[in-house]
$ cat data-v8.tsv   # TSV, C-alpha atoms
chain	number	residue	atom	x	y	z
A	1	MET	CA	30.48	-35.04	-10.66
A	2	PRO	CA	33.40	-34.84	-13.08
A	3	GLU	CA	33.50	-32.27	-15.84
A	4	ILE	CA	31.50	-33.37	-18.86
A	5	THR	CA	30.88	-31.36	-22.00
A	6	SER	CA	27.33	-31.73	-23.29
A	7	ARG	CA	26.58	-32.37	-26.96
A	8	ARG	CA	22.96	-31.37	-26.67
A	9	GLY	CA	23.05	-29.82	-30.14
A	10	LEU	CA	23.55	-33.27	-31.59
A	11	LEU	CA	20.59	-34.82	-29.83
A	12	PHE	CA	18.21	-34.10	-32.65
A	13	GLY	CA	20.68	-34.85	-35.45
A	14	THR	CA	22.02	-38.19	-34.27
A	15	ALA	CA	20.68	-41.30	-32.66
A	16	ALA	CA	20.18	-41.23	-28.90
A	17	VAL	CA	21.17	-44.72	-27.80
A	18	SER	CA	21.58	-46.31	-24.36
A	19	ALA	CA	23.38	-49.44	-23.23
A	20	GLY	CA	21.43	-52.61	-23.62
A	21	VAL	CA	19.74	-51.55	-26.86
A	22	LEU	CA	22.73	-50.38	-28.84
A	23	LEU	CA	23.61	-53.58	-30.61
A	24	THR	CA	20.44	-55.58	-30.58
A	25	GLY	CA	19.50	-57.87	-33.40
A	26	CYS	CA	17.51	-56.70	-36.41
A	27	THR	CA	14.27	-58.05	-37.75
A	28	SER	CA	12.85	-57.35	-41.15
A	29	ASN	CA	9.31	-56.83	-42.40
A	30	GLU	CA	10.38	-56.38	-46.01
A	31	SER	CA	8.57	-58.36	-48.69
A	32	LYS	CA	10.47	-60.49	-51.16
A	33	ASP	CA	9.85	-57.87	-53.85
A	34	GLU	CA	11.45	-55.05	-51.88
A	35	PRO	CA	15.19	-54.40	-51.87
A	36	ALA	CA	16.94	-55.21	-48.59
A	37	SER	CA	18.25	-52.10	-46.86
A	38	ASN	CA	19.63	-53.65	-43.68
A	39	ASP	CA	21.72	-56.52	-45.00
A	40	GLN	CA	25.18	-55.07	-44.36
A	41	PRO	CA	27.31	-56.62	-41.60
A	42	ALA	CA	26.24	-55.40	-38.17
A	43	ALA	CA	27.65	-56.18	-34.75
A	44	ASP	CA	25.73	-58.71	-32.68
A	45	ASP	CA	26.38	-61.04	-29.74
A	46	LYS	CA	27.83	-63.83	-31.89
A	47	PRO	CA	31.63	-64.18	-31.59
A	48	GLY	CA	33.56	-62.59	-34.44
A	49	LYS	CA	37.01	-61.20	-35.06
A	50	GLN	CA	39.09	-60.88	-31.88
A	51	VAL	CA	39.31	-57.25	-30.74
A	52	THR	CA	41.61	-55.76	-28.10
A	53	ILE	CA	40.10	-52.61	-26.59
A	54	GLY	CA	42.21	-50.21	-24.57
A	55	PHE	CA	40.23	-48.33	-21.92
A	56	ALA	CA	41.61	-45.23	-20.19
A	57	GLY	CA	39.63	-43.11	-17.74
A	58	PRO	CA	40.25	-40.77	-14.82
A	59	GLN	CA	40.61	-41.88	-11.23
A	60	ALA	CA	37.36	-43.39	-9.92
A	61	ASP	CA	37.02	-40.91	-7.05
A	62	HIS	CA	33.27	-40.46	-7.49
A	63	GLY	CA	30.44	-42.98	-7.52
A	64	TRP	CA	29.61	-42.18	-11.14
A	65	LEU	CA	33.19	-42.70	-12.32
A	66	ASN	CA	33.45	-45.99	-10.48
A	67	ALA	CA	30.25	-47.07	-12.23
A	68	ILE	CA	31.83	-46.09	-15.57
A	69	ASN	CA	34.69	-48.54	-14.95
A	70	ASP	CA	32.34	-51.27	-13.76
A	71	ASN	CA	30.12	-50.90	-16.82
A	72	ALA	CA	33.08	-51.12	-19.18
A	73	LYS	CA	34.49	-54.22	-17.48
A	74	SER	CA	31.20	-56.10	-17.27
A	75	ARG	CA	30.31	-55.32	-20.88
A	76	ALA	CA	33.67	-56.53	-22.15
A	77	LYS	CA	33.25	-59.81	-20.25
A	78	LYS	CA	30.04	-60.40	-22.19
A	79	TYR	CA	31.99	-60.91	-25.42
A	80	LYS	CA	34.29	-63.89	-26.02
A	81	ASP	CA	35.95	-61.96	-28.84
A	82	VAL	CA	36.91	-58.90	-26.71
A	83	THR	CA	40.07	-58.43	-24.63
A	84	LEU	CA	39.98	-55.35	-22.41
A	85	GLU	CA	43.23	-53.56	-21.52
A	86	ILE	CA	42.19	-51.12	-18.79
A	87	THR	CA	44.47	-48.54	-17.18
A	88	GLU	CA	44.61	-47.72	-13.48
A	89	GLY	CA	43.02	-44.33	-14.08
A	90	SER	CA	44.39	-40.95	-13.12
A	91	ASN	CA	43.29	-37.33	-12.71
A	92	ASP	CA	46.84	-36.23	-13.53
A	93	THR	CA	46.86	-35.21	-17.19
A	94	ALA	CA	50.46	-36.20	-17.86
A	95	GLN	CA	49.96	-39.60	-16.22
A	96	GLN	CA	46.81	-40.32	-18.20
A	97	ILE	CA	48.54	-39.32	-21.44
A	98	GLY	CA	51.34	-41.74	-20.55
A	99	GLN	CA	48.82	-44.52	-19.91
A	100	ILE	CA	47.16	-43.93	-23.28
A	101	GLU	CA	50.52	-43.84	-25.06
A	102	THR	CA	51.31	-47.23	-23.50
A	103	LEU	CA	48.08	-48.59	-24.98
A	104	ILE	CA	49.00	-47.10	-28.35
A	105	ASN	CA	52.42	-48.75	-28.19
A	106	LYS	CA	50.73	-52.07	-27.38
A	107	LYS	CA	48.87	-51.62	-30.68
A	108	VAL	CA	45.39	-52.18	-29.27
A	109	ASP	CA	42.72	-52.36	-31.96
A	110	VAL	CA	40.50	-49.61	-30.55
A	111	LEU	CA	40.76	-47.07	-27.74
A	112	VAL	CA	37.98	-45.93	-25.41
A	113	VAL	CA	39.02	-42.76	-23.58
A	114	LEU	CA	37.21	-40.78	-20.90
A	115	PRO	CA	39.74	-37.97	-20.47
A	116	ALA	CA	40.35	-36.28	-17.14
A	117	ASP	CA	40.56	-33.11	-19.24
A	118	GLY	CA	39.23	-33.24	-22.79
A	119	LYS	CA	41.21	-30.23	-24.01
A	120	ALA	CA	44.49	-31.39	-22.50
A	121	LEU	CA	44.20	-34.91	-23.92
A	122	THR	CA	43.21	-33.93	-27.45
A	123	GLN	CA	46.76	-34.41	-28.76
A	124	VAL	CA	47.02	-37.99	-27.53
A	125	GLY	CA	43.67	-38.70	-29.17
A	126	LEU	CA	45.07	-37.34	-32.42
A	127	GLN	CA	48.19	-39.46	-31.89
A	128	ALA	CA	46.09	-42.63	-31.64
A	129	MET	CA	44.00	-41.79	-34.68
A	130	ARG	CA	47.14	-41.07	-36.72
A	131	ALA	CA	48.52	-44.43	-35.62
A	132	GLY	CA	45.47	-46.08	-37.16
A	133	ILE	CA	43.76	-46.80	-33.82
A	134	PRO	CA	40.17	-45.52	-33.83
A	135	VAL	CA	39.14	-43.71	-30.66
A	136	VAL	CA	35.77	-43.81	-28.93
A	137	ASN	CA	35.71	-40.55	-26.96
A	138	LEU	CA	33.61	-41.11	-23.85
A	139	ASP	CA	31.69	-38.16	-22.41
A	140	ARG	CA	34.30	-35.40	-21.83
A	141	ILE	CA	34.95	-34.36	-25.37
A	142	PHE	CA	38.25	-33.69	-27.10
A	143	ASN	CA	38.72	-30.25	-28.65
A	144	SER	CA	38.99	-31.62	-32.18
A	145	PRO	CA	36.69	-34.11	-33.93
A	146	GLN	CA	39.83	-35.40	-35.63
A	147	ALA	CA	40.90	-36.84	-32.27
A	148	TYR	CA	38.10	-39.41	-32.19
A	149	ARG	CA	36.07	-41.62	-34.51
A	150	CYS	CA	32.96	-41.57	-32.32
A	151	TRP	CA	31.81	-39.54	-29.34
A	152	ILE	CA	29.27	-40.92	-26.87
A	153	GLY	CA	28.13	-39.14	-23.75
A	154	GLY	CA	25.41	-37.57	-21.68
A	155	ASP	CA	23.31	-34.45	-22.02
A	156	ASN	CA	23.80	-31.94	-19.23
A	157	TYR	CA	21.46	-29.37	-20.73
A	158	GLY	CA	18.90	-32.15	-21.10
A	159	MET	CA	19.27	-33.04	-17.41
A	160	GLY	CA	18.29	-29.52	-16.41
A	161	LEU	CA	15.55	-29.37	-19.01
A	162	ASN	CA	13.91	-32.61	-17.87
A	163	ALA	CA	14.30	-31.74	-14.18
A	164	GLY	CA	12.61	-28.41	-14.84
A	165	HIS	CA	9.75	-29.96	-16.77
A	166	TYR	CA	9.18	-32.61	-14.09
A	167	ILE	CA	9.01	-29.98	-11.36
A	168	GLY	CA	6.93	-27.75	-13.60
A	169	GLU	CA	4.33	-30.44	-14.15
A	170	GLN	CA	4.12	-31.14	-10.42
A	171	LEU	CA	3.56	-27.46	-9.62
A	172	LYS	CA	1.70	-26.21	-12.69
A	173	ASP	CA	-1.54	-25.71	-10.79
A	174	LYS	CA	0.03	-23.99	-7.79
A	175	LYS	CA	-0.20	-20.21	-7.83
A	176	GLY	CA	3.02	-18.42	-6.90
A	177	ALA	CA	5.13	-21.61	-6.79
A	178	ARG	CA	8.73	-21.15	-5.66
A	179	VAL	CA	11.71	-23.37	-6.51
A	180	ILE	CA	15.37	-23.42	-5.51
A	181	GLU	CA	18.44	-25.02	-7.06
A	182	LEU	CA	21.44	-26.76	-5.47
A	183	ALA	CA	23.99	-26.73	-8.29
A	184	GLY	CA	27.41	-28.33	-8.66
A	185	LEU	CA	30.78	-26.66	-9.12
A	186	ASP	CA	30.19	-23.35	-10.88
A	187	ASN	CA	33.54	-23.38	-12.65
A	188	LEU	CA	32.50	-26.44	-14.64
A	189	GLU	CA	30.74	-26.05	-17.98
A	190	LEU	CA	28.43	-28.96	-17.15
A	191	THR	CA	27.03	-27.06	-14.16
A	192	LYS	CA	26.25	-24.04	-16.32
A	193	GLN	CA	24.53	-26.25	-18.88
A	194	ARG	CA	22.38	-27.97	-16.27
A	195	THR	CA	21.28	-24.59	-14.92
A	196	GLN	CA	20.58	-23.28	-18.43
A	197	GLY	CA	18.38	-26.27	-19.19
A	198	PHE	CA	16.54	-25.94	-15.89
A	199	ASP	CA	15.88	-22.24	-16.42
A	200	ALA	CA	14.71	-22.86	-20.00
A	201	ALA	CA	12.17	-25.43	-18.82
A	202	LEU	CA	10.81	-23.20	-16.07
A	203	LYS	CA	10.00	-20.51	-18.65
A	204	ASN	CA	7.15	-22.77	-19.75
A	205	TYR	CA	5.51	-22.37	-16.34
A	206	PRO	CA	4.73	-18.69	-15.66
A	207	ASN	CA	3.38	-19.52	-12.19
A	208	ILE	CA	6.81	-20.76	-11.05
A	209	LYS	CA	9.68	-18.56	-9.88
A	210	LYS	CA	13.21	-19.67	-9.03
A	211	VAL	CA	13.97	-17.81	-5.84
A	212	ALA	CA	17.45	-19.12	-4.90
A	213	ARG	CA	20.46	-20.97	-6.28
A	214	GLN	CA	23.49	-22.24	-4.36
A	215	ALA	CA	26.56	-23.97	-5.82
A	216	ALA	CA	28.01	-27.00	-4.00
A	217	GLU	CA	30.97	-29.23	-4.92
A	218	PHE	CA	29.51	-32.63	-5.84
A	219	THR	CA	30.40	-34.00	-2.39
A	220	VAL	CA	28.26	-35.17	0.52
A	221	GLU	CA	29.84	-32.61	2.84
A	222	SER	CA	29.29	-29.65	0.53
A	223	GLY	CA	25.74	-30.78	-0.19
A	224	GLN	CA	24.91	-30.77	3.50
A	225	ALA	CA	26.56	-27.42	4.18
A	226	LYS	CA	25.09	-25.58	1.21
A	227	MET	CA	21.64	-27.07	1.70
A	228	SER	CA	21.67	-25.90	5.31
A	229	GLN	CA	22.36	-22.39	4.07
A	230	LEU	CA	19.51	-22.58	1.57
A	231	LEU	CA	17.07	-23.81	4.20
A	232	GLN	CA	18.00	-20.99	6.55
A	233	ALA	CA	17.61	-18.40	3.81
A	234	GLN	CA	14.42	-19.82	2.30
A	235	SER	CA	11.66	-20.61	4.77
A	236	ASN	CA	9.09	-21.22	2.06
A	237	PHE	CA	9.55	-23.02	-1.28
A	238	ASP	CA	7.85	-25.84	-3.17
A	239	ALA	CA	10.61	-27.72	-4.99
A	240	LEU	CA	14.36	-28.25	-5.05
A	241	TRP	CA	16.51	-29.44	-7.92
A	242	ASN	CA	19.84	-30.89	-6.81
A	243	HIS	CA	22.37	-31.44	-9.62
A	244	ASP	CA	24.07	-34.53	-8.20
A	245	ASP	CA	22.91	-37.49	-6.12
A	246	ASP	CA	26.22	-37.77	-4.22
A	247	GLN	CA	25.90	-34.24	-2.85
A	248	GLY	CA	22.20	-35.04	-2.50
A	249	VAL	CA	23.04	-37.46	0.33
A	250	GLY	CA	24.30	-34.47	2.31
A	251	ALA	CA	21.39	-32.31	1.21
A	252	LEU	CA	18.92	-34.88	2.54
A	253	ARG	CA	20.76	-34.95	5.87
A	254	ALA	CA	20.40	-31.19	6.17
A	255	ILE	CA	16.72	-31.38	5.24
A	256	GLU	CA	16.05	-34.09	7.82
A	257	GLN	CA	17.97	-32.20	10.51
A	258	ALA	CA	15.88	-29.12	9.77
A	259	GLY	CA	12.69	-31.18	10.01
A	260	ARG	CA	11.50	-29.98	6.61
A	261	ASP	CA	9.11	-31.99	4.46
A	262	ASP	CA	7.07	-29.22	2.82
A	263	PHE	CA	8.60	-29.47	-0.68
A	264	LEU	CA	9.62	-32.04	-3.29
A	265	MET	CA	13.21	-32.74	-4.33
A	266	VAL	CA	14.58	-33.92	-7.69
A	267	GLY	CA	18.12	-35.29	-7.85
A	268	GLY	CA	20.59	-35.85	-10.65
A	269	ALA	CA	22.74	-38.65	-12.11
A	270	GLY	CA	20.94	-41.81	-10.91
A	271	ALA	CA	22.70	-43.10	-7.78
A	272	LEU	CA	21.37	-46.30	-6.26
A	273	SER	CA	20.77	-44.59	-2.92
A	274	ALA	CA	18.58	-41.99	-4.63
A	275	MET	CA	16.57	-44.64	-6.46
A	276	GLN	CA	16.06	-46.61	-3.25
A	277	ALA	CA	14.83	-43.46	-1.50
A	278	ILE	CA	12.44	-42.79	-4.39
A	279	GLU	CA	11.15	-46.36	-4.20
A	280	SER	CA	10.66	-46.13	-0.42
A	281	ASP	CA	8.82	-42.81	-0.86
A	282	ASN	CA	9.55	-41.76	2.71
A	283	SER	CA	11.48	-38.52	2.07
A	284	VAL	CA	11.19	-35.34	0.02
A	285	LEU	CA	13.21	-36.97	-2.79
A	286	LYS	CA	10.68	-37.91	-5.46
A	287	ALA	CA	12.75	-38.22	-8.65
A	288	THR	CA	16.24	-38.20	-10.14
A	289	VAL	CA	17.32	-37.27	-13.66
A	290	LEU	CA	19.78	-39.73	-15.19
A	291	TYR	CA	23.28	-39.15	-16.46
A	292	PRO	CA	23.73	-42.84	-17.29
A	293	PRO	CA	27.10	-44.50	-16.59
A	294	THR	CA	25.85	-47.27	-18.89
A	295	MET	CA	27.40	-45.11	-21.60
A	296	ALA	CA	30.67	-46.96	-20.85
A	297	ALA	CA	29.02	-50.27	-21.76
A	298	SER	CA	27.75	-48.72	-24.97
A	299	ALA	CA	31.26	-47.41	-25.67
A	300	ILE	CA	32.57	-50.98	-25.47
A	301	ASP	CA	29.84	-52.05	-27.92
A	302	LEU	CA	30.89	-49.29	-30.31
A	303	ALA	CA	34.58	-50.12	-29.96
A	304	ARG	CA	33.90	-53.78	-30.69
A	305	ALA	CA	31.90	-52.83	-33.79
A	306	LEU	CA	34.76	-50.59	-34.94
A	307	GLY	CA	37.32	-53.33	-34.38
A	308	GLN	CA	35.24	-55.75	-36.42
A	309	ALA	CA	34.48	-53.17	-39.14
A	310	LYS	CA	30.76	-53.50	-38.58
A	311	GLY	CA	27.84	-51.15	-38.23
A	312	VAL	CA	25.20	-50.96	-35.54
A	313	SER	CA	22.20	-53.26	-35.70
A	314	GLY	CA	19.00	-51.33	-36.09
A	315	LEU	CA	20.61	-48.58	-38.18
A	316	ALA	CA	20.79	-48.69	-41.98
A	317	GLU	CA	24.30	-47.24	-42.26
A	318	PHE	CA	27.38	-49.41	-42.83
A	319	GLU	CA	29.33	-47.47	-40.18
A	320	ILE	CA	28.67	-46.58	-36.56
A	321	PRO	CA	27.53	-42.96	-35.98
A	322	SER	CA	30.06	-40.25	-35.25
A	323	SER	CA	28.14	-38.98	-32.19
A	324	LEU	CA	25.63	-40.44	-29.73
A	325	THR	CA	23.94	-38.28	-27.10
A	326	LEU	CA	22.19	-40.22	-24.36
A	327	TYR	CA	18.80	-39.25	-23.03
A	328	SER	CA	18.41	-37.92	-19.48
A	329	ALA	CA	15.39	-39.92	-18.34
A	330	VAL	CA	13.47	-38.92	-15.22
A	331	VAL	CA	13.17	-41.73	-12.69
A	332	ASP	CA	10.29	-41.50	-10.21
A	333	LYS	CA	8.15	-43.93	-8.25
A	334	GLU	CA	6.30	-45.01	-11.40
A	335	ASN	CA	9.38	-46.38	-13.22
A	336	VAL	CA	12.06	-46.77	-10.55
A	337	LYS	CA	11.93	-50.58	-10.59
A	338	THR	CA	12.99	-50.50	-14.24
A	339	TYR	CA	16.01	-48.32	-13.56
A	340	LEU	CA	17.16	-49.73	-10.21
A	341	PRO	CA	19.67	-52.14	-11.86
A	342	THR	CA	21.45	-49.13	-13.41
A	343	GLY	CA	21.84	-47.26	-10.11
A	344	PHE	CA	25.43	-46.74	-9.00
A	345	LYS	CA	26.94	-46.74	-5.50
$ encode --input "data-v8.tsv" --output "structure tokens"
Amino acid sequence: MPEITSRRGLLFGTAAVSAGVLLTGCTSNESKDEPASNDQPAADDKPGKQVTIGFAGPQADHGWLNAINDNAKSRAKKYKDVTLEITEGSNDTAQQIGQIETLINKKVDVLVVLPADGKALTQVGLQAMRAGIPVVNLDRIFNSPQAYRCWIGGDNYGMGLNAGHYIGEQLKDKKGARVIELAGLDNLELTKQRTQGFDAALKNYPNIKKVARQAAEFTVESGQAKMSQLLQAQSNFDALWNHDDDQGVGALRAIEQAGRDDFLMVGGAGALSAMQAIESDNSVLKATVLYPPTMAASAIDLARALGQAKGVSGLAEFEIPSSLTLYSAVVDKENVKTYLPTGFK
């Protein structure tokens, strides 16, 4: 999974909004004698002012990043008043800066940027804002809030927290329960945040002890190799939390090769393959915690609202929020049919 800086501190101070509900229409229950509080212009599906949105992201070398691009493209096609200028995508900082500068020179109305490196691309974000082009900063955050008008992204700490609570509830009645963790790249802040959230949740369950943790690399190959090591070292445990569904494909291979089915597994991110396995209910994988790529669709909604100088339907403010932290929902057999359409390949 690419590096993503969590804004978990904003979760309780700002709206948590997901694609599909961001710009829905408003209804009113106000009586004729009450003053209207929601009558300012708000973005909706009706065609309005034409808006050109520039979209720049990193190279789609991971299933989640490819889903980000797909969500942005499909959302833009929904609107007759939106033109999407999308770059090829690059993990090279200088190349991505050049791509964004090209969009600035084209004088797009709004920019949506998922930076390969938030810190390194802060200056080009500032450059766009100073040129009068509002920036929607997607997920990996710039170093300065002056470099963007709105930030929208996922909650890595929340992923760990919800994974921990799900496992905790499954094992709360088991005395001496043991859990292990297959993390992502340890040099990424997102990995640390996911572990911190997981550990915080487990503190609510005194009967549960985390007995092992192994870092992988968000790849199928590393997931298989590191899971094999964990299985050899831990002959007895009750649950596994795997940070990423891509590396989870490899982890499941190792588990099947070892002939193990004596524990439950929770994944992370929301890959289609994971959801299909959960629906089939024929493996140890029982749930996955979302890091929704639908945030790119919501970013297009926000950019369109900015370009049309409108607010968000359902909120009383005239302007869109400055930050939106998405919720890390747990998908299991009970609700998987609802979330299957959002699963990414």
$ residues_around --input "data-v8.tsv" --residues "region 174-185 of chain A" --least-positions-apart "5" --cutoff "8 Å" --atoms "all atoms listed in the file" --output "list in words"
Met1, Thr191, Thr195, Asn207, Ile208, Lys209, Lys210, Val211, Ala212, Arg213, Gln214, Ala215, Ala216, Glu217, Phe218, Gly223, Lys226, Met227, Asn236, Phe237, Asp238, Ala239, Leu240, Trp241, Asn242, His243 and Asp244 of chain A
$ write_last_selection --input "data-v8.tsv" --atoms "C-alpha atoms" --output "compact mmCIF listing (two decimals), in the frame of the given file"
# COMPACT_ATOMS: atom_id res chain seq x y z
CA MET A 1 30.48 -35.04 -10.66
CA THR A 191 27.03 -27.06 -14.16
CA THR A 195 21.28 -24.59 -14.92
CA ASN A 207 3.38 -19.52 -12.19
CA ILE A 208 6.81 -20.76 -11.05
CA LYS A 209 9.68 -18.56 -9.88
CA LYS A 210 13.21 -19.67 -9.03
CA VAL A 211 13.97 -17.81 -5.84
CA ALA A 212 17.45 -19.12 -4.90
CA ARG A 213 20.46 -20.97 -6.28
CA GLN A 214 23.49 -22.24 -4.36
CA ALA A 215 26.56 -23.97 -5.82
CA ALA A 216 28.01 -27.00 -4.00
CA GLU A 217 30.97 -29.23 -4.92
CA PHE A 218 29.51 -32.63 -5.84
CA GLY A 223 25.74 -30.78 -0.19
CA LYS A 226 25.09 -25.58 1.21
CA MET A 227 21.64 -27.07 1.70
CA ASN A 236 9.09 -21.22 2.06
CA PHE A 237 9.55 -23.02 -1.28
CA ASP A 238 7.85 -25.84 -3.17
CA ALA A 239 10.61 -27.72 -4.99
CA LEU A 240 14.36 -28.25 -5.05
CA TRP A 241 16.51 -29.44 -7.92
CA ASN A 242 19.84 -30.89 -6.81
CA HIS A 243 22.37 -31.44 -9.62
CA ASP A 244 24.07 -34.53 -8.20
$ closest_residue --input "data-v8.tsv" --among "A:Ile97, A:Leu190, A:Val82, A:Ala303" --to "Asp139 (chain A)" --atoms "all atoms listed in the file"
A:Leu190
$ closest_residue --input "data-v8.tsv" --among "A:Gly343, A:Gly314, A:Gly98, A:Gly250" --to "Met275 (chain A)" --atoms "only C-alpha atoms"
A:Gly343
$ closest_residue --input "data-v8.tsv" --among "A:Asn162, A:Leu264, A:Gln308, A:Ala200" --to "Lys49 (chain A)" --atoms "only C-alpha atoms"
A:Gln308
$ atom_distance --input "data-v8.tsv" --atom1 "CA of Ala147 (chain A)" --atom2 "CA of Gly132 (chain A)"
11.4 Å
$ closest_residue --input "data-v8.tsv" --among "A:Asp186, A:Asp92, A:Glu317, A:Asp155" --to "Val289 (chain A)" --atoms "all atoms listed in the file"
A:Asp155
$ atom_distance --input "data-v8.tsv" --atom1 "CA of Asn156 (chain A)" --atom2 "CA of Val336 (chain A)"
20.8 Å
$ closest_residue --input "data-v8.tsv" --among "A:Ala297, A:Ala201, A:Ile320, A:Ala274" --to "Tyr79 (chain A)" --atoms "all atoms listed in the file"
A:Ala297
$ atom_distance --input "data-v8.tsv" --atom1 "CA of Lys333 (chain A)" --atom2 "CA of Gly259 (chain A)"
22.7 Å
$ closest_residue --input "data-v8.tsv" --among "A:Gly268, A:Pro341, A:Gly153, A:Pro134" --to "Arg194 (chain A)" --atoms "only C-alpha atoms"
A:Gly268
$ axis_aligned_box --input "data-v8.tsv" --around "region 84-100 of chain A" --padding-each-side "4 Å" --output "AutoDock Vina command-line options"
--center_x 45.7 --center_y -45.3 --center_z -18.0 --size_x 19.4 --size_y 28.1 --size_z 18.6
$ residues_near_point --input "data-v8.tsv" --point "(43.3, -51.6, -20.5)" --cutoff "10 Å" --atoms "all atoms listed in the file" --output "list in words"
Thr52, Ile53, Gly54, Phe55, Ala56, Gly57, Lys73, Thr83, Leu84, Glu85, Ile86, Thr87, Glu88, Gly89, Gln99, Ile100, Thr102, Leu103, Val108, Leu111 and Val112 of chain A
$ residues_near_point --input "data-v8.tsv" --point "(38.8, -34.3, -16.2)" --cutoff "10 Å" --atoms "only C-alpha atoms" --output "PyMOL selection string"
chain A and resi 2-4+57-59+90-93+114-121+140-141
$ residues_around --input "data-v8.tsv" --residues "Gly48 (chain A)" --least-positions-apart "2" --cutoff "7 Å" --atoms "all atoms listed in the file" --output "PyMOL selection string"
chain A and resi 46+50+81
